[in-house]
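Raw contents of protein24.cif, mmCIF, C-alpha atoms:
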data_protein
#
loop_
_atom_site.label_atom_id
_atom_site.label_comp_id
_atom_site.auth_asym_id
_atom_site.auth_seq_id
_atom_site.Cartn_x
_atom_site.Cartn_y
_atom_site.Cartn_z
CA MET A 1 -7.80 -66.71 -47.99
CA ASN A 2 -8.77 -67.59 -51.59
CA ARG A 3 -10.30 -70.83 -52.77
CA THR A 4 -7.09 -72.07 -54.40
CA SER A 5 -5.09 -71.80 -51.20
CA GLU A 6 -7.86 -73.59 -49.32
CA ARG A 7 -7.21 -76.61 -51.53
CA SER A 8 -3.48 -76.66 -50.72
CA ASN A 9 -1.61 -79.00 -48.40
CA ARG A 10 -0.16 -76.01 -46.61
CA TYR A 11 -3.60 -74.61 -45.81
CA PHE A 12 -4.72 -77.80 -44.08
CA THR A 13 -1.44 -78.60 -42.32
CA GLU A 14 -1.18 -75.08 -40.89
CA ARG A 15 -4.74 -75.34 -39.60
CA GLN A 16 -3.92 -78.74 -38.11
CA ASN A 17 -0.87 -77.26 -36.43
CA ASP A 18 -3.09 -74.59 -34.83
CA PHE A 19 -5.76 -76.84 -33.38
CA GLU A 20 -4.30 -80.33 -32.97
CA SER A 21 -2.25 -81.68 -30.06
CA SER A 22 1.53 -81.40 -30.00
CA ALA A 23 1.54 -85.19 -29.64
CA ARG A 24 0.74 -85.61 -33.35
CA SER A 25 3.51 -87.47 -35.11
CA TYR A 26 2.90 -88.48 -38.74
CA PRO A 27 2.05 -84.95 -40.00
CA ARG A 28 5.52 -83.81 -38.96
CA ARG A 29 7.05 -86.27 -41.43
CA PHE A 30 4.33 -86.27 -44.07
CA PRO A 31 3.09 -82.65 -44.42
CA PHE A 32 0.10 -83.18 -46.67
CA ALA A 33 -3.69 -83.48 -46.51
CA LEU A 34 -5.20 -86.65 -47.92
CA ARG A 35 -8.21 -86.61 -50.23
CA LYS A 36 -8.45 -90.05 -51.86
CA ALA A 37 -6.98 -93.52 -51.43
CA LYS A 38 -7.18 -96.79 -53.32
CA GLY A 39 -5.08 -99.92 -53.02
CA SER A 40 -1.46 -98.97 -52.35
CA TRP A 41 -1.92 -95.34 -53.42
CA VAL A 42 -3.07 -92.16 -51.71
CA GLU A 43 -3.75 -88.74 -53.23
CA ASP A 44 -3.43 -85.38 -51.53
CA VAL A 45 -5.66 -82.32 -51.96
CA GLU A 46 -3.33 -80.94 -54.64
CA GLY A 47 -3.66 -84.08 -56.78
CA ASN A 48 -0.24 -85.57 -55.99
CA ARG A 49 -0.22 -89.37 -55.77
CA TYR A 50 1.96 -91.32 -53.33
CA LEU A 51 2.85 -94.98 -53.06
CA ASP A 52 1.86 -95.93 -49.51
CA PHE A 53 4.20 -98.42 -47.82
CA LEU A 54 2.89 -97.49 -44.36
CA CYS A 55 -0.81 -98.37 -44.88
CA GLY A 56 -2.08 -97.27 -41.49
CA ALA A 57 0.96 -98.74 -39.69
CA GLY A 58 0.03 -102.15 -41.06
CA THR A 59 -3.69 -101.82 -40.42
CA LEU A 60 -4.69 -101.95 -44.10
CA ALA A 61 -3.80 -105.55 -44.93
CA LEU A 62 -5.61 -105.29 -48.27
CA GLY A 63 -4.74 -101.68 -48.94
CA HIS A 64 -7.05 -98.68 -49.05
CA ASN A 65 -10.73 -99.11 -49.94
CA ASP A 66 -10.59 -102.74 -50.97
CA ASP A 67 -13.73 -103.48 -52.99
CA MET A 68 -14.78 -106.58 -51.07
CA VAL A 69 -14.12 -104.99 -47.69
CA ASN A 70 -16.08 -101.86 -48.63
CA LYS A 71 -18.97 -103.93 -50.01
CA ALA A 72 -19.26 -105.83 -46.72
CA MET A 73 -19.54 -102.55 -44.82
CA VAL A 74 -21.95 -100.91 -47.29
CA ASP A 75 -24.17 -103.99 -47.31
CA LEU A 76 -24.26 -104.01 -43.52
CA ILE A 77 -25.25 -100.34 -43.38
CA ALA A 78 -27.92 -100.82 -46.05
CA SER A 79 -29.42 -103.75 -44.14
CA ASP A 80 -30.32 -101.60 -41.10
CA ALA A 81 -28.36 -104.02 -38.91
CA PRO A 82 -27.17 -102.52 -35.64
CA LEU A 83 -23.72 -100.94 -35.92
CA HIS A 84 -23.07 -100.49 -32.20
CA THR A 85 -23.93 -103.40 -29.91
CA LEU A 86 -21.71 -103.17 -26.80
CA ASP A 87 -20.98 -106.88 -26.16
CA LEU A 88 -24.36 -108.18 -27.32
CA THR A 89 -24.12 -110.85 -29.99
CA THR A 90 -25.23 -110.67 -33.62
CA PRO A 91 -24.95 -112.97 -36.66
CA VAL A 92 -22.13 -110.72 -37.89
CA LYS A 93 -20.22 -111.17 -34.64
CA ASP A 94 -20.84 -114.91 -34.58
CA ARG A 95 -19.42 -115.32 -38.09
CA PHE A 96 -16.37 -113.21 -37.23
CA VAL A 97 -15.62 -115.29 -34.12
CA GLN A 98 -15.99 -118.60 -35.95
CA THR A 99 -13.71 -117.34 -38.71
CA ILE A 100 -10.91 -116.25 -36.39
CA PHE A 101 -11.21 -119.43 -34.32
CA SER A 102 -10.86 -121.54 -37.48
CA LEU A 103 -7.46 -119.93 -38.06
CA LEU A 104 -6.09 -120.67 -34.58
CA PRO A 105 -3.49 -123.42 -34.09
CA GLU A 106 -4.67 -126.83 -33.04
CA GLY A 107 -4.59 -127.01 -29.26
CA LEU A 108 -6.01 -123.54 -28.81
CA ARG A 109 -8.76 -123.71 -31.43
CA GLU A 110 -10.80 -126.18 -29.39
CA ASN A 111 -10.30 -124.34 -26.09
CA ALA A 112 -10.45 -120.69 -27.11
CA LYS A 113 -12.31 -117.76 -25.60
CA ILE A 114 -12.35 -114.23 -26.97
CA GLN A 115 -12.64 -110.85 -25.29
CA PHE A 116 -13.65 -107.90 -27.46
CA CYS A 117 -11.94 -104.74 -26.24
CA SER A 118 -12.09 -101.04 -26.95
CA PRO A 119 -10.72 -100.18 -30.42
CA SER A 120 -7.02 -99.74 -29.72
CA GLY A 121 -4.47 -102.53 -29.41
CA THR A 122 -3.40 -100.86 -26.18
CA ASP A 123 -6.69 -101.92 -24.62
CA ALA A 124 -6.12 -105.53 -25.66
CA VAL A 125 -2.76 -105.42 -23.87
CA ASP A 126 -4.30 -104.01 -20.70
CA ALA A 127 -7.13 -106.56 -20.85
CA ALA A 128 -4.70 -109.46 -21.23
CA ILE A 129 -2.65 -108.32 -18.24
CA LYS A 130 -5.81 -108.04 -16.13
CA LEU A 131 -6.90 -111.48 -17.30
CA CYS A 132 -3.60 -113.14 -16.38
CA LYS A 133 -3.33 -111.38 -13.02
CA THR A 134 -6.87 -112.48 -12.20
CA ALA A 135 -6.26 -116.07 -13.28
CA THR A 136 -2.92 -116.52 -11.51
CA GLY A 137 -3.32 -114.30 -8.47
CA ARG A 138 0.14 -112.90 -9.19
CA SER A 139 1.11 -109.28 -9.70
CA THR A 140 4.19 -108.92 -11.90
CA VAL A 141 4.82 -109.16 -15.65
CA ILE A 142 7.91 -109.93 -17.72
CA ALA A 143 8.44 -107.96 -20.94
CA PHE A 144 11.40 -107.59 -23.28
CA SER A 145 13.75 -104.77 -24.21
CA GLY A 146 12.77 -103.29 -27.57
CA GLY A 147 9.16 -104.35 -27.21
CA TYR A 148 6.23 -102.09 -28.01
CA HIS A 149 2.80 -102.75 -26.55
CA GLY A 150 1.00 -99.42 -26.76
CA MET A 151 0.68 -96.00 -25.18
CA GLY A 152 -1.89 -96.62 -22.45
CA HIS A 153 -0.66 -96.32 -18.88
CA GLY A 154 -0.41 -100.07 -18.36
CA ALA A 155 0.72 -100.96 -21.88
CA LEU A 156 3.36 -98.23 -21.83
CA SER A 157 4.93 -99.76 -18.74
CA LEU A 158 5.57 -102.92 -20.81
CA THR A 159 7.12 -100.94 -23.69
CA GLY A 160 10.87 -100.65 -24.05
CA ASN A 161 11.13 -97.23 -25.69
CA LEU A 162 12.20 -94.66 -23.10
CA ASN A 163 11.26 -91.51 -25.02
CA ALA A 164 7.58 -92.17 -24.38
CA LYS A 165 8.16 -93.08 -20.73
CA ASN A 166 10.66 -90.62 -19.29
CA ARG A 167 8.14 -87.85 -18.62
CA VAL A 168 5.29 -90.08 -17.43
CA MET A 169 5.66 -90.85 -13.75
CA ASN A 170 4.33 -93.84 -11.78
CA LEU A 171 3.60 -96.27 -14.58
CA MET A 172 2.30 -99.73 -13.66
CA PRO A 173 4.77 -101.28 -11.20
CA GLY A 174 6.06 -104.82 -11.22
CA VAL A 175 7.42 -105.01 -14.78
CA GLN A 176 10.70 -106.88 -15.28
CA PHE A 177 12.48 -106.42 -18.63
CA MET A 178 14.64 -109.16 -20.10
CA PRO A 179 16.96 -109.20 -23.14
CA TYR A 180 15.48 -110.02 -26.55
CA PRO A 181 17.70 -111.62 -29.22
CA TYR A 182 18.85 -109.00 -31.73
CA SER A 183 21.73 -110.49 -33.65
CA TYR A 184 22.97 -107.26 -35.26
CA ARG A 185 22.99 -105.39 -31.90
CA CYS A 186 23.23 -108.40 -29.58
CA PRO A 187 22.55 -107.41 -25.92
CA PHE A 188 25.41 -109.72 -24.89
CA GLY A 189 27.80 -108.57 -27.61
CA ILE A 190 27.88 -112.05 -29.15
CA GLY A 191 25.38 -112.24 -32.00
CA GLY A 192 24.28 -115.14 -34.15
CA ASP A 193 23.24 -118.49 -32.69
CA ALA A 194 25.46 -117.93 -29.66
CA GLY A 195 23.63 -114.69 -28.84
CA THR A 196 20.28 -116.45 -29.12
CA ALA A 197 21.51 -119.26 -26.87
CA ALA A 198 22.65 -116.68 -24.30
CA CYS A 199 19.21 -115.02 -24.29
CA CYS A 200 17.55 -118.41 -23.91
CA ALA A 201 19.81 -119.42 -21.04
CA TYR A 202 19.40 -116.08 -19.28
CA PHE A 203 15.61 -116.22 -19.52
CA GLU A 204 15.38 -119.78 -18.20
CA ARG A 205 17.97 -119.42 -15.48
CA LEU A 206 16.55 -116.17 -14.12
CA LEU A 207 13.04 -117.61 -13.83
CA LYS A 208 14.20 -120.87 -12.29
CA ASP A 209 16.95 -119.51 -10.00
CA PRO A 210 15.68 -119.44 -6.39
CA GLU A 211 18.09 -116.55 -5.72
CA SER A 212 17.16 -114.44 -8.77
CA GLY A 213 15.09 -112.01 -6.74
CA ILE A 214 12.26 -112.26 -9.28
CA THR A 215 9.01 -113.75 -8.10
CA ARG A 216 6.94 -115.85 -10.47
CA PRO A 217 5.08 -113.43 -12.76
CA ALA A 218 1.43 -113.34 -13.79
CA ALA A 219 2.48 -113.37 -17.46
CA VAL A 220 5.27 -113.08 -20.00
CA ILE A 221 4.43 -110.82 -22.95
CA ILE A 222 6.40 -110.95 -26.20
CA GLU A 223 6.22 -109.82 -29.82
CA PRO A 224 7.22 -112.66 -32.17
CA ILE A 225 8.55 -109.89 -34.41
CA GLN A 226 9.26 -106.59 -32.70
CA GLY A 227 7.75 -103.85 -34.83
CA GLU A 228 8.37 -100.39 -33.40
CA GLY A 229 11.55 -101.81 -31.87
CA GLY A 230 13.07 -102.09 -35.35
CA VAL A 231 11.55 -105.16 -37.06
CA VAL A 232 13.49 -107.73 -35.06
CA PRO A 233 12.18 -111.29 -35.46
CA ALA A 234 12.51 -113.54 -32.44
CA PRO A 235 14.55 -116.61 -33.39
CA VAL A 236 12.50 -119.80 -33.43
CA GLU A 237 14.64 -121.30 -30.66
CA PHE A 238 13.99 -118.33 -28.40
CA LEU A 239 10.21 -118.48 -28.84
CA ARG A 240 10.31 -122.21 -28.14
CA THR A 241 12.37 -121.65 -25.01
CA VAL A 242 9.99 -118.99 -23.72
CA ARG A 243 7.04 -121.31 -24.38
CA ARG A 244 8.67 -124.33 -22.73
CA VAL A 245 9.80 -122.46 -19.63
CA THR A 246 6.52 -120.62 -19.13
CA LYS A 247 4.62 -123.89 -19.47
CA GLU A 248 6.91 -125.65 -16.99
CA LEU A 249 6.41 -122.83 -14.48
CA ASP A 250 2.68 -122.36 -15.15
CA ILE A 251 3.14 -118.79 -16.41
CA PRO A 252 0.72 -117.58 -19.11
CA MET A 253 2.52 -116.64 -22.34
CA ILE A 254 1.03 -113.65 -24.16
CA VAL A 255 2.02 -113.14 -27.80
CA ASP A 256 1.44 -109.63 -29.11
CA GLU A 257 0.47 -110.12 -32.75
CA ILE A 258 -1.04 -106.65 -33.12
CA GLN A 259 1.42 -105.59 -35.83
CA CYS A 260 3.11 -108.81 -36.95
CA GLY A 261 -0.04 -110.94 -37.14
CA ILE A 262 -2.84 -111.43 -39.69
CA GLY A 263 -0.52 -112.55 -42.49
CA ARG A 264 2.11 -109.82 -42.20
CA SER A 265 4.96 -112.28 -41.63
CA GLY A 266 3.88 -114.75 -44.32
CA ARG A 267 2.20 -116.94 -41.71
CA PHE A 268 -1.22 -116.03 -40.37
CA PHE A 269 0.33 -115.56 -36.92
CA ALA A 270 4.05 -114.89 -36.63
CA PHE A 271 4.44 -117.27 -33.66
CA GLU A 272 3.57 -120.13 -36.03
CA TYR A 273 7.17 -120.11 -37.28
CA ALA A 274 8.14 -121.66 -33.94
CA ASP A 275 5.32 -124.23 -33.99
CA ILE A 276 4.17 -123.20 -30.50
CA VAL A 277 0.76 -122.65 -28.95
CA PRO A 278 0.61 -119.60 -26.65
CA ASP A 279 -1.94 -119.05 -23.89
CA VAL A 280 -3.01 -115.59 -25.07
CA ILE A 281 -2.99 -113.89 -28.48
CA LEU A 282 -3.45 -110.14 -28.91
CA ALA A 283 -4.83 -108.90 -32.23
CA SER A 284 -5.81 -105.47 -33.53
CA LYS A 285 -4.78 -103.32 -36.54
CA ALA A 286 -5.52 -105.50 -39.61
CA ILE A 287 -8.08 -107.67 -37.85
CA GLY A 288 -10.76 -104.96 -38.21
CA GLY A 289 -10.51 -104.69 -41.99
CA SER A 290 -9.56 -100.97 -41.79
CA GLN A 291 -11.98 -100.29 -38.90
CA PRO A 292 -10.90 -100.03 -35.25
CA MET A 293 -11.09 -103.21 -33.20
CA SER A 294 -8.96 -105.20 -30.79
CA VAL A 295 -9.40 -108.63 -29.27
CA VAL A 296 -7.81 -110.95 -26.75
CA ILE A 297 -7.97 -114.64 -27.66
CA TYR A 298 -7.03 -116.96 -24.83
CA ASN A 299 -7.20 -120.47 -23.42
CA LYS A 300 -10.42 -120.97 -21.50
CA GLU A 301 -8.44 -122.16 -18.47
CA LEU A 302 -7.62 -118.49 -17.85
CA ASP A 303 -11.27 -117.43 -17.95
CA LYS A 304 -11.50 -116.63 -14.23
CA TRP A 305 -12.83 -113.10 -14.31
CA THR A 306 -16.41 -112.16 -13.48
CA ALA A 307 -19.09 -110.25 -15.37
CA GLY A 308 -17.97 -106.70 -16.12
CA ALA A 309 -14.34 -107.36 -15.18
CA HIS A 310 -13.31 -105.76 -18.45
CA ALA A 311 -15.74 -103.55 -20.33
CA GLY A 312 -15.69 -100.88 -23.02
CA THR A 313 -18.34 -98.93 -24.87
CA PHE A 314 -16.97 -99.49 -28.37
CA ARG A 315 -16.29 -103.24 -28.22
CA GLY A 316 -19.26 -104.02 -30.48
CA ASN A 317 -18.08 -102.42 -33.74
CA GLN A 318 -20.13 -104.36 -36.28
CA LEU A 319 -18.53 -102.64 -39.28
CA ALA A 320 -15.12 -103.84 -38.08
CA MET A 321 -16.43 -107.38 -37.64
CA ALA A 322 -17.99 -107.47 -41.12
CA ALA A 323 -14.90 -105.96 -42.76
CA GLY A 324 -12.56 -108.04 -40.61
CA THR A 325 -14.23 -111.28 -41.65
CA VAL A 326 -13.45 -110.47 -45.28
CA VAL A 327 -9.79 -109.86 -44.41
CA LEU A 328 -9.53 -113.04 -42.33
CA GLU A 329 -11.10 -115.20 -45.02
CA ARG A 330 -8.77 -113.88 -47.73
CA VAL A 331 -5.53 -113.53 -45.80
CA GLY A 332 -6.02 -116.91 -44.13
CA GLN A 333 -5.82 -118.73 -47.47
CA ARG A 334 -2.59 -120.64 -48.03
CA GLU A 335 -2.21 -119.26 -51.56
CA PHE A 336 -2.46 -115.70 -50.28
CA LEU A 337 0.19 -116.30 -47.60
CA GLU A 338 2.49 -117.94 -50.14
CA LYS A 339 2.30 -114.79 -52.26
CA VAL A 340 3.16 -112.68 -49.21
CA MET A 341 6.26 -114.82 -48.74
CA GLU A 342 7.19 -114.55 -52.43
CA LYS A 343 6.87 -110.76 -52.45
CA GLY A 344 8.68 -110.49 -49.13
CA SER A 345 11.57 -112.54 -50.49
CA ARG A 346 11.80 -110.34 -53.60
CA LEU A 347 11.86 -107.22 -51.47
CA LYS A 348 14.39 -108.61 -49.01
CA ASP A 349 16.70 -109.80 -51.80
CA ALA A 350 16.57 -106.33 -53.39
CA MET A 351 17.36 -104.66 -50.06
CA GLU A 352 20.24 -107.07 -49.39
CA LYS A 353 21.66 -106.27 -52.82
CA LEU A 354 21.35 -102.56 -52.06
CA ARG A 355 23.06 -103.07 -48.69
CA SER A 356 26.05 -104.65 -50.43
CA GLU A 357 26.39 -101.59 -52.67
CA VAL A 358 26.19 -98.77 -50.09
CA SER A 359 27.84 -97.93 -46.79
CA ILE A 360 24.84 -96.63 -44.83
CA ILE A 361 22.74 -99.82 -44.55
CA GLY A 362 23.93 -102.03 -41.74
CA ASP A 363 21.27 -104.73 -41.62
CA VAL A 364 18.20 -105.98 -43.47
CA ARG A 365 15.82 -108.24 -41.57
CA GLY A 366 12.25 -109.38 -41.17
CA ARG A 367 9.79 -111.96 -42.38
CA GLY A 368 7.24 -111.80 -45.17
CA LEU A 369 6.18 -108.21 -45.84
CA MET A 370 7.37 -106.97 -42.46
CA LEU A 371 10.86 -105.77 -43.31
CA GLY A 372 13.33 -103.46 -41.57
CA ILE A 373 16.37 -101.69 -43.05
CA GLU A 374 18.74 -100.39 -40.37
CA PHE A 375 20.79 -97.31 -41.27
CA VAL A 376 24.25 -96.70 -39.87
CA ASP A 377 26.78 -93.92 -40.09
CA PRO A 378 30.00 -95.45 -41.48
CA ARG A 379 31.99 -92.51 -40.07
CA THR A 380 31.29 -93.50 -36.44
CA GLU A 381 33.19 -95.82 -34.13
CA LYS A 382 32.18 -99.46 -34.25
CA ASP A 383 30.29 -101.11 -31.40
CA LEU A 384 31.10 -104.39 -29.61
CA MET A 385 29.69 -106.29 -32.58
CA GLY A 386 31.96 -104.42 -34.99
CA HIS A 387 29.12 -102.41 -36.53
CA PRO A 388 28.92 -98.64 -37.04
CA GLN A 389 26.51 -96.69 -34.85
CA ALA A 390 22.83 -96.63 -35.78
CA SER A 391 21.86 -93.36 -37.47
CA GLY A 392 18.41 -91.89 -37.04
CA THR A 393 19.66 -88.82 -38.87
CA LEU A 394 20.41 -90.71 -42.07
CA ALA A 395 17.18 -92.71 -41.80
CA ALA A 396 15.25 -89.44 -41.44
CA GLU A 397 16.96 -88.05 -44.52
CA VAL A 398 16.06 -91.17 -46.49
CA GLN A 399 12.47 -90.92 -45.30
CA LYS A 400 12.28 -87.23 -46.25
CA ARG A 401 13.65 -87.83 -49.74
CA CYS A 402 11.36 -90.82 -50.24
CA PHE A 403 8.39 -88.58 -49.46
CA GLU A 404 9.67 -86.00 -51.94
CA ASN A 405 9.76 -88.84 -54.49
CA LYS A 406 6.15 -89.78 -53.62
CA LEU A 407 6.95 -92.84 -51.48
CA ILE A 408 5.65 -93.07 -47.90
CA MET A 409 7.61 -95.16 -45.40
CA GLU A 410 7.94 -95.00 -41.64
CA LYS A 411 10.93 -95.22 -39.29
CA GLY A 412 11.34 -97.11 -36.03
CA GLY A 413 13.94 -98.97 -34.01
CA ARG A 414 16.70 -97.66 -31.78
CA ASN A 415 17.26 -93.96 -32.40
CA GLY A 416 14.73 -94.08 -35.24
CA SER A 417 17.33 -95.72 -37.47
CA VAL A 418 15.21 -98.42 -39.11
CA MET A 419 13.07 -97.83 -42.19
CA ARG A 420 10.13 -100.24 -42.16
CA CYS A 421 7.99 -101.88 -44.81
CA LEU A 422 4.31 -102.12 -43.81
CA CYS A 423 2.74 -102.17 -47.27
CA ALA A 424 -0.54 -103.81 -48.27
CA LEU A 425 -0.17 -107.59 -48.25
CA ASN A 426 -1.69 -107.76 -51.74
CA VAL A 427 0.65 -105.09 -53.13
CA SER A 428 1.09 -105.52 -56.88
CA ASP A 429 4.39 -106.60 -58.42
CA GLU A 430 4.50 -103.29 -60.28
CA ASP A 431 4.12 -101.25 -57.10
CA LEU A 432 6.72 -103.39 -55.34
CA ASP A 433 9.17 -102.80 -58.18
CA LEU A 434 8.46 -99.06 -58.06
CA MET A 435 9.12 -98.96 -54.33
CA ILE A 436 12.43 -100.79 -54.80
CA SER A 437 13.42 -98.39 -57.56
CA VAL A 438 12.57 -95.20 -55.67
CA PHE A 439 14.00 -96.37 -52.36
CA SER A 440 17.24 -97.59 -53.96
CA LYS A 441 17.71 -94.29 -55.80
CA VAL A 442 17.20 -92.28 -52.62
CA VAL A 443 19.53 -94.46 -50.53
CA ARG A 444 22.28 -94.15 -53.11
CA GLU A 445 21.92 -90.38 -53.10
CA VAL A 446 22.15 -90.19 -49.31
CA ASP A 447 25.04 -92.65 -49.29
CA GLU A 448 26.95 -90.48 -51.74
CA SER A 449 26.53 -87.49 -49.40
CA VAL A 450 28.43 -89.19 -46.55
CA ARG A 451 31.32 -90.60 -48.58
#

Translate the structure described by the file into structure tokens.
Amino acid sequence: MNRTSERSNRYFTERQNDFESSARSYPRRFPFALRKAKGSWVEDVEGNRYLDFLCGAGTLALGHNDDMVNKAMVDLIASDAPLHTLDLTTPVKDRFVQTIFSLLPEGLRENAKIQFCSPSGTDAVDAAIKLCKTATGRSTVIAFSGGYHGMGHGALSLTGNLNAKNRVMNLMPGVQFMPYPYSYRCPFGIGGDAGTAACCAYFERLLKDPESGITRPAAVIIEPIQGEGGVVPAPVEFLRTVRRVTKELDIPMIVDEIQCGIGRSGRFFAFEYADIVPDVILASKAIGGSQPMSVVIYNKELDKWTAGAHAGTFRGNQLAMAAGTVVLERVGQREFLEKVMEKGSRLKDAMEKLRSEVSIIGDVRGRGLMLGIEFVDPRTEKDLMGHPQASGTLAAEVQKRCFENKLIMEKGGRNGSVMRCLCALNVSDEDLDLMISVFSKVVREVDESVR
């Protein structure tokens, strides 16, 4: 093969197809090989530039190769500081912990403990479940339909999506799923405030009913904004109900902020919209400043496990702590979060306007720069809520055409019907306008094809 072909996307993707697992996912939708990345832009080996509104599935809160983040890592390497420390402490680790604790809500800040886990958010989920089972002496866990908590054996059992579960036998037992408010596709066929009230009543009644058949669980785990489930924000009233009931029944409440946290929603933590204080917070993705790290932050009253109860070789990633501190210090500023809200409002308003002009967008939802656009097929029969059926096919076509127009976005939600915004939180106004322009053009083209 000649040198020119070896610099082509096709050369690298065909080689990847030969040697990499069939479980790979993103290369199937984005068939290119990356060479460079800066801010909200990536460049492939052929020199094509793409606007990245996926950004490592929300991991890159400040975009690719942020100057301050990179400087923190380069300075650490140049200092000969240890880069791998297991769970031994260092000045870098101490500063990271103090920074994240300073951003916790009052009531947890003064009573917090932190467990550093292996790099993936999945490990934080498994660690939190172990922690709560140890502290309570109970064995079961309540999760919610549409939730996503990872691909590990324990975390997968708490995840709603069936495609990942159907062929994996004997997942962790003792998981009870409950309905999660989703106004556009309400599990009770009601929607709006009435649908939220029904979810609240069902949750409370089932846990307090002596004939429910459900024993008191070790924990309740919830995403304040469901990410992979289709960018579905939990209504404030629902989060408050879950917090009140779990507190009344002495059940630890775990909030999974792995995707929706660290400023993504316009608040530092998405649960802050409900003005609640959970018992356990899970954080990963953006918290490592582009490097892999996950943590469990919890009330010290739950700290009942013994030495070595949860371990992991790569829980001492000093590069992630140095880079993560930069992200926390910048994203945690009120002015920064206000800009996230401003940009999120601009984007949402543009998507709502587009929805009113086409037939294939059913719903636009989210908070801050975590936005979901649900695609529907107007030719299908309407559901109990009076909405056309969700269409993963149309969403996939929109995604494909966006990529052809040099815009990267990911799908999610039921049947893969929801296009999601997970751009850099400091995305420029110009790049935001370009995304709106490209996406709107593509959606109108696809809409025209089904009329």

Closest pair table for segment 226-263 of chain A residues within 12 Å of segment 336-360 of chain A, all atoms listed in the file, as CSV:
residue,atom,partner,partner_atom,distance
A:Gly261,CA,A:Leu337,CA,11.8
A:Ile262,CA,A:Leu337,CA,9.8
A:Gly263,CA,A:Leu337,CA,6.4

Which polymer residues, whether protein, DNA or RNA, lie within 12 Å of the coordinate (-7.6, -116.7, -48.0) when you count only C-alpha atoms? List them as a PDB file with C-alpha atoms, keeping the file's coordinate frame, using the chain letters and numbers from the file.
ATOM      1  CA  LEU A  62      -5.610-105.290 -48.270  1.00  0.00           C
ATOM      2  CA  THR A  99     -13.710-117.340 -38.710  1.00  0.00           C
ATOM      3  CA  LEU A 103      -7.460-119.930 -38.060  1.00  0.00           C
ATOM      4  CA  ILE A 262      -2.840-111.430 -39.690  1.00  0.00           C
ATOM      5  CA  GLY A 263      -0.520-112.550 -42.490  1.00  0.00           C
ATOM      6  CA  ARG A 267       2.200-116.940 -41.710  1.00  0.00           C
ATOM      7  CA  PHE A 268      -1.220-116.030 -40.370  1.00  0.00           C
ATOM      8  CA  THR A 325     -14.230-111.280 -41.650  1.00  0.00           C
ATOM      9  CA  VAL A 326     -13.450-110.470 -45.280  1.00  0.00           C
ATOM     10  CA  VAL A 327      -9.790-109.860 -44.410  1.00  0.00           C
ATOM     11  CA  LEU A 328      -9.530-113.040 -42.330  1.00  0.00           C
ATOM     12  CA  GLU A 329     -11.100-115.200 -45.020  1.00  0.00           C
ATOM     13  CA  ARG A 330      -8.770-113.880 -47.730  1.00  0.00           C
ATOM     14  CA  VAL A 331      -5.530-113.530 -45.800  1.00  0.00           C
ATOM     15  CA  GLY A 332      -6.020-116.910 -44.130  1.00  0.00           C
ATOM     16  CA  GLN A 333      -5.820-118.730 -47.470  1.00  0.00           C
ATOM     17  CA  ARG A 334      -2.590-120.640 -48.030  1.00  0.00           C
ATOM     18  CA  GLU A 335      -2.210-119.260 -51.560  1.00  0.00           C
ATOM     19  CA  PHE A 336      -2.460-115.700 -50.280  1.00  0.00           C
ATOM     20  CA  LEU A 337       0.190-116.300 -47.600  1.00  0.00           C
ATOM     21  CA  GLU A 338       2.490-117.940 -50.140  1.00  0.00           C
ATOM     22  CA  LYS A 339       2.300-114.790 -52.260  1.00  0.00           C
ATOM     23  CA  VAL A 340       3.160-112.680 -49.210  1.00  0.00           C
ATOM     24  CA  LEU A 425      -0.170-107.590 -48.250  1.00  0.00           C
ATOM     25  CA  ASN A 426      -1.690-107.760 -51.740  1.00  0.00           C
TER      26      ASN A 426
END

So which residues get picked by the PyMOL selection byres ((chain A and resi 66) around 12) here, written as an mmCIF file with C-alpha atoms, in the frame of the given file?
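Below is the file selection19.cif, written as the result:
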data_model
loop_
_atom_site.group_PDB
_atom_site.id
_atom_site.type_symbol
_atom_site.label_atom_id
_atom_site.label_comp_id
_atom_site.auth_asym_id
_atom_site.auth_seq_id
_atom_site.Cartn_x
_atom_site.Cartn_y
_atom_site.Cartn_z
ATOM 1 C CA ALA A 37 -6.980 -93.520 -51.430
ATOM 2 C CA LYS A 38 -7.180 -96.790 -53.320
ATOM 3 C CA GLY A 39 -5.080 -99.920 -53.020
ATOM 4 C CA SER A 40 -1.460 -98.970 -52.350
ATOM 5 C CA TRP A 41 -1.920 -95.340 -53.420
ATOM 6 C CA LEU A 60 -4.690 -101.950 -44.100
ATOM 7 C CA ALA A 61 -3.800 -105.550 -44.930
ATOM 8 C CA LEU A 62 -5.610 -105.290 -48.270
ATOM 9 C CA GLY A 63 -4.740 -101.680 -48.940
ATOM 10 C CA HIS A 64 -7.050 -98.680 -49.050
ATOM 11 C CA ASN A 65 -10.730 -99.110 -49.940
ATOM 12 C CA ASP A 67 -13.730 -103.480 -52.990
ATOM 13 C CA MET A 68 -14.780 -106.580 -51.070
ATOM 14 C CA VAL A 69 -14.120 -104.990 -47.690
ATOM 15 C CA ASN A 70 -16.080 -101.860 -48.630
ATOM 16 C CA LYS A 71 -18.970 -103.930 -50.010
ATOM 17 C CA ALA A 72 -19.260 -105.830 -46.720
ATOM 18 C CA MET A 73 -19.540 -102.550 -44.820
ATOM 19 C CA GLY A 289 -10.510 -104.690 -41.990
ATOM 20 C CA SER A 290 -9.560 -100.970 -41.790
ATOM 21 C CA ALA A 323 -14.900 -105.960 -42.760
ATOM 22 C CA GLY A 324 -12.560 -108.040 -40.610
ATOM 23 C CA VAL A 326 -13.450 -110.470 -45.280
ATOM 24 C CA VAL A 327 -9.790 -109.860 -44.410
ATOM 25 C CA ARG A 330 -8.770 -113.880 -47.730
ATOM 26 C CA ALA A 424 -0.540 -103.810 -48.270
ATOM 27 C CA LEU A 425 -0.170 -107.590 -48.250
ATOM 28 C CA ASN A 426 -1.690 -107.760 -51.740
ATOM 29 C CA VAL A 427 0.650 -105.090 -53.130
#
